[in-house]
Amino acid sequence: LVHLIPVNPVREDGLNPKSRKRVMPDLLTEPPAIDPVHEAHVYCNIPTVTERSMEGHAPHYFKLVSVQVLIRHGDRYPLYAIPKTKRPDIDCMLLPGRKPSHPQLEAFIKHMSKGSAAQLDGSLSSLPRYPSHSLCEMGELTQTGVVQHLRNGQLLREIYINKHKLLLGNWTAKQLYLETTGKSRTLQSALALLYTFLPDFDWKKINMRHQWSTIFCSGSCDCPMRNHYLEEEQRRQYSLRVKDNDLEKIYVDMAKIVGVPTRQLRASNPIDSLLCYFCHNVSFPCTKAGCISMEHFRTIKRHQLEDEKERQEKKLYFLYALLATHPLLNQTVNRLQHIAEGKKEEVFVLYSAHDVTLSPVLSALGITEARFPRFAARLVFELWQDGKKPKEHFIRILYNGADVTFQTSFCKDHYKRSSKPMCPLEKFVSFVKRDMFLIFNSTSYFDACRRRPL
């Protein structure tokens with residue numbers, strides 16, 4: 001059985017050539033299961049081929065007026081250690097001659113050593129501006145992580161500075177808004193991206209704000225129901241884990257290899273450490289009792305993927321995500337509205353964050369097809385002004401270079417009625433100011449944070 005389907009391959013310039021017909025088999029079987037090892041490779045995000053992206057694409061009469069970027073830090077050393085095993089031997093010194101590297105890595109190191117004039121909020125000023133240990137410390141950004149964000153900044157510069165002139169050569173500190181959590185890996189990731197986005201920037205123009213909360217809730221963090229849904233979600237995770245017999249066997253087997261109780265091994269979150277071995281192509285640890293194998297890794301990673309799938313189906317995480325991300329999304333919307341009204345400040349925004357920041361934002365926006373945030377993931381909000389109707393403003397949302405605007409819950413049907421490849425700003429505003437609370441039978445964030453479900 002075959003049928004004809006039209007395919008529209010995207011050319012280098014992002015335009016669709018004439019539709020062609022291609023013969024494709026009509027598959028009557030289930031799609032293949034997701035390969036855990038392939039997904040792990042995607043998560044590592046090793047800098048190899050030049051990335052293509054859809055950032056900055058719009059009809060020629062549209063003007064780009066603002067860009068807000070939310071990133072996850074780059075590749076890091078594990079946060080946990082597998083008990084009784086040697087830590088992975090990863091060097092966190094930056095060496096331009098070692099792969100992966102970047103043409104501007106050496107210049108980046110030199111520029112970071114001159115950064116005393118920067119205004120770094122609170123405890124940020126005591127953090128190192130780039131990684132520099134011959135054996136990485138726990139959670140430290142690696143050279144791979146620095147290179148990932150040097151590449152991100154270079155890609156965004158080519159589009160937003162060189163092509164769209166979002167910032168001119170005489171840009172001022174007021175045109176930037178920079179915020180990071182208080183971890184060296186997020187500060188260093190932000191600085192790496194900034195360095196290639198605005199090469200050899202004037203340190204006096206850099207004002208990096210410190211955000212103490214990983215969900216960037218600033219002064220609106222008191223939300224009892226958010227904590228309630230997070231606890232319910234954690235119970236769901238635990239329930240799924242104890243029902244997975246294959247996973248339990250793997251944990252028992254690994255615990256015997258390293259010589260600790262199964263409970264202790266599980267508490268050490270071995271997948272975090274194993275991903276570091278995997279991403280850096282280092283052999284998994286061995287003891288006299290044997291070696292942790294690719295099969296152990298595959299089973300734990302498979303369970304992670306099944307957990308992500310159930311998480312979307314059960315909706316507890318979605319309810320948590322709506323309440324967790326409202327303060328950040330509300331700040332984003334307020335800024336976009338001010339710029340749409342003519343304000344020329346904070347036209348480029350960078351939030352440097354974690355997987356636990358990006359993941360709920362994706363969920364709250366309704367982007368259910370998105371992969372879990374890889375190292376150096378980026379979520380971009382673009383604000384465009386219609387040159388033919390200057391009072392009309394539109395947004396595009398992009399995740400790792402892919403346009404996900406019409407995957408969002410508030411704009412998924414708009415493209416059927418519009419010839420423009422973007423979403424009216426007012427739809428995003430309505431979603432954040434009102435529609436986010438409907439599922440809680442509430443009209444405000446404060447009320448939704450306190451209203452118990454029926």
# chains A, B, ... in the order shown; residues from 1 in each chain; ligands from 1
$ select_by_dssp --residues "segment 214-405 of chain A" --states "strand (DSSP E)" --output "PyMOL selection string"
chain A and resi 286-287+290-291+348-353+378-386+393-399+402-403
$ write_last_selection --atoms "N, CA, C and O atoms" --output "compact mmCIF listing (two decimals), in the first residue's frame"
# COMPACT_ATOMS: atom_id res chain seq x y z
N CYS A 286 34.00 0.77 36.77
CA CYS A 286 34.12 -0.66 37.09
C CYS A 286 34.62 -0.83 38.51
O CYS A 286 35.28 0.05 39.07
N THR A 287 34.29 -1.97 39.11
CA THR A 287 34.85 -2.39 40.40
C THR A 287 35.29 -3.84 40.25
O THR A 287 35.15 -4.44 39.18
N GLY A 290 32.60 -6.08 38.88
CA GLY A 290 32.07 -5.94 37.52
C GLY A 290 32.01 -4.48 37.08
O GLY A 290 32.52 -3.59 37.77
N CYS A 291 31.38 -4.26 35.93
CA CYS A 291 31.30 -2.91 35.35
C CYS A 291 29.85 -2.50 35.14
O CYS A 291 29.00 -3.32 34.79
N PHE A 348 16.95 43.45 24.51
CA PHE A 348 17.52 42.10 24.51
C PHE A 348 17.61 41.62 25.95
O PHE A 348 18.20 42.27 26.81
N VAL A 349 16.97 40.47 26.19
CA VAL A 349 16.89 39.90 27.54
C VAL A 349 17.51 38.52 27.53
O VAL A 349 17.28 37.73 26.61
N LEU A 350 18.31 38.23 28.55
CA LEU A 350 18.89 36.90 28.69
C LEU A 350 18.69 36.41 30.12
O LEU A 350 19.14 37.05 31.07
N TYR A 351 17.97 35.29 30.24
CA TYR A 351 17.84 34.60 31.52
C TYR A 351 18.68 33.33 31.42
O TYR A 351 18.47 32.51 30.53
N SER A 352 19.63 33.15 32.33
CA SER A 352 20.46 31.94 32.32
C SER A 352 20.02 31.04 33.47
O SER A 352 20.10 31.44 34.63
N ALA A 353 19.57 29.84 33.11
CA ALA A 353 18.81 29.04 34.07
C ALA A 353 19.14 27.55 33.96
O ALA A 353 20.22 27.16 33.50
N ARG A 378 17.86 26.55 24.32
CA ARG A 378 17.46 27.96 24.30
C ARG A 378 16.00 28.08 23.87
O ARG A 378 15.55 27.43 22.93
N LEU A 379 15.27 28.92 24.58
CA LEU A 379 13.88 29.25 24.25
C LEU A 379 13.85 30.75 23.99
O LEU A 379 14.28 31.54 24.83
N VAL A 380 13.37 31.13 22.80
CA VAL A 380 13.44 32.53 22.37
C VAL A 380 12.04 33.08 22.12
O VAL A 380 11.22 32.44 21.45
N PHE A 381 11.79 34.28 22.66
CA PHE A 381 10.56 35.03 22.37
C PHE A 381 10.95 36.23 21.51
O PHE A 381 11.71 37.10 21.97
N GLU A 382 10.44 36.28 20.29
CA GLU A 382 10.71 37.42 19.40
C GLU A 382 9.47 38.30 19.33
O GLU A 382 8.35 37.79 19.18
N LEU A 383 9.65 39.62 19.39
CA LEU A 383 8.55 40.56 19.21
C LEU A 383 8.76 41.32 17.91
O LEU A 383 9.82 41.90 17.68
N TRP A 384 7.72 41.29 17.05
CA TRP A 384 7.80 41.91 15.73
C TRP A 384 6.72 42.98 15.58
O TRP A 384 5.61 42.84 16.08
N GLN A 385 7.09 44.04 14.85
CA GLN A 385 6.15 45.11 14.53
C GLN A 385 5.79 45.03 13.05
O GLN A 385 6.67 44.87 12.20
N ASP A 386 4.50 45.10 12.77
CA ASP A 386 4.03 45.06 11.38
C ASP A 386 4.31 46.42 10.73
O ASP A 386 3.77 47.44 11.16
N HIS A 393 1.49 44.22 16.81
CA HIS A 393 2.69 43.50 17.20
C HIS A 393 2.41 42.00 17.30
O HIS A 393 1.31 41.60 17.69
N PHE A 394 3.41 41.22 16.97
CA PHE A 394 3.27 39.77 16.93
C PHE A 394 4.47 39.12 17.63
O PHE A 394 5.56 39.71 17.70
N ILE A 395 4.26 37.91 18.10
CA ILE A 395 5.38 37.19 18.69
C ILE A 395 5.63 35.88 17.94
O ILE A 395 4.72 35.31 17.33
N ARG A 396 6.90 35.46 17.99
CA ARG A 396 7.28 34.12 17.57
C ARG A 396 8.02 33.48 18.73
O ARG A 396 8.75 34.15 19.46
N ILE A 397 7.80 32.19 18.92
CA ILE A 397 8.47 31.45 19.99
C ILE A 397 9.27 30.33 19.34
O ILE A 397 8.73 29.58 18.51
N LEU A 398 10.54 30.24 19.69
CA LEU A 398 11.43 29.24 19.07
C LEU A 398 12.16 28.46 20.15
O LEU A 398 12.61 29.03 21.14
N TYR A 399 12.26 27.16 19.93
CA TYR A 399 12.94 26.28 20.89
C TYR A 399 14.06 25.55 20.16
O TYR A 399 13.80 24.81 19.22
N ALA A 402 13.85 25.78 16.41
CA ALA A 402 12.62 25.35 15.74
C ALA A 402 11.47 26.29 16.14
O ALA A 402 11.33 26.65 17.31
N ASP A 403 10.67 26.68 15.16
CA ASP A 403 9.52 27.55 15.42
C ASP A 403 8.40 26.73 16.05
O ASP A 403 7.84 25.84 15.42
$ select_by_dssp --residues "segment 53-188 of chain A" --states "helix (DSSP H, G or I)" --output "number ranges by chain"
A: 105-112, 115-117, 122-126, 143-163, 173-175, 184-188
$ residues_around --residues "Phe197 of chain A" --least-positions-apart "4" --cutoff "8 Å" --atoms "only C-alpha atoms" --output "tab-separated table (two decimals) with C-alpha atoms, in the first residue's frame"
chain	number	residue	atom	x	y	z
A	153	GLY	CA	25.78	33.57	21.00
A	154	GLN	CA	27.43	33.51	17.56
A	155	LEU	CA	24.28	32.14	15.92
A	156	LEU	CA	22.06	34.74	17.61
A	157	ARG	CA	24.50	37.53	16.68
A	161	ILE	CA	22.69	41.93	15.27
A	193	LEU	CA	26.75	33.54	25.05
$ atom_distance --atom1 "atom CA of Val347 of chain A" --atom2 "atom CA of Thr181 of chain A"
20.8 Å
$ residues_around --residues "His164 of chain A" --least-positions-apart "2" --cutoff "12 Å" --atoms "only C-alpha atoms" --output "VMD selection string"
chain A and resid 55 to 58 60 to 67 156 to 162 166 to 168 382 384
$ write_last_selection --atoms "C-alpha atoms" --output "compact mmCIF listing (two decimals), in the first residue's frame"
# COMPACT_ATOMS: atom_id res chain seq x y z
CA GLU A 55 15.20 32.51 14.44
CA GLY A 56 14.69 35.87 12.78
CA HIS A 57 12.43 34.67 9.94
CA ALA A 58 9.55 37.01 9.10
CA HIS A 60 10.27 41.49 4.80
CA TYR A 61 8.00 44.34 5.96
CA PHE A 62 8.15 43.24 9.61
CA LYS A 63 10.59 44.86 12.05
CA LEU A 64 12.18 42.96 14.93
CA VAL A 65 11.87 45.09 18.09
CA SER A 66 12.70 42.75 20.99
CA VAL A 67 14.25 39.35 21.75
CA LEU A 156 22.06 34.74 17.61
CA ARG A 157 24.50 37.53 16.68
CA GLU A 158 24.42 36.63 13.00
CA ILE A 159 20.63 36.82 13.01
CA TYR A 160 19.70 39.54 15.49
CA ILE A 161 22.69 41.93 15.27
CA ASN A 162 24.12 41.47 11.77
CA LEU A 166 18.45 44.78 17.07
CA LEU A 167 21.38 46.48 18.85
CA LEU A 168 23.64 49.00 17.13
CA GLU A 382 10.71 37.42 19.40
CA TRP A 384 7.80 41.91 15.73
$ closest_atom_pairs --of "segment 295-326 of chain A" --to "segment 268-274 of chain A" --cutoff "12 Å" --atoms "only C-alpha atoms" --output "tab-separated table"
residue	atom	partner	partner_atom	distance
A:Glu295	CA	A:Leu274	CA	11.8
A:His296	CA	A:Leu274	CA	9.6
A:Phe297	CA	A:Leu274	CA	7.0
A:Arg298	CA	A:Ile271	CA	9.8
A:Thr299	CA	A:Ile271	CA	10.1
A:Ile300	CA	A:Ile271	CA	6.8
A:Lys301	CA	A:Ile271	CA	7.3
A:Arg302	CA	A:Ile271	CA	10.9
A:His303	CA	A:Ile271	CA	10.6
A:Gln304	CA	A:Ile271	CA	9.2
$ closest_residue --among "A:Pro131, A:Pro36, A:Gly366, A:Pro59" --to "Gln188 of chain A" --atoms "only C-alpha atoms"
A:Pro131
$ closest_residue --among "A:Tyr195, A:Tyr177, A:Tyr43, A:Tyr445" --to "Arg151 of chain A" --atoms "only C-alpha atoms"
A:Tyr195
$ closest_atom_pairs --of "segment 49-149 of chain A" --to "segment 208-212 of chain A" --cutoff "8 Å" --atoms "only C-alpha atoms" --output "JSON lines"
{"residue": "A:Ala118", "atom": "CA", "partner": "A:Met208", "partner_atom": "CA", "distance": 7.9}
{"residue": "A:Gln119", "atom": "CA", "partner": "A:Met208", "partner_atom": "CA", "distance": 6.2}
{"residue": "A:Leu120", "atom": "CA", "partner": "A:Met208", "partner_atom": "CA", "distance": 4.9}
{"residue": "A:Asp121", "atom": "CA", "partner": "A:Arg209", "partner_atom": "CA", "distance": 5.1}
{"residue": "A:Gly122", "atom": "CA", "partner": "A:His210", "partner_atom": "CA", "distance": 6.8}
{"residue": "A:Ser123", "atom": "CA", "partner": "A:His210", "partner_atom": "CA", "distance": 7.7}
{"residue": "A:Leu124", "atom": "CA", "partner": "A:His210", "partner_atom": "CA", "distance": 6.7}
$ residues_around --residues "Gly115 of chain A" --least-positions-apart "5" --cutoff "9 Å" --atoms "only C-alpha atoms" --output "JSON, numbers by chain"
{"A": [129, 203, 204]}
$ residues_around --residues "Arg226 of chain A" --least-positions-apart "6" --cutoff "9 Å" --atoms "only C-alpha atoms" --output "ChimeraX atom specification"
/A:319-324,448-450
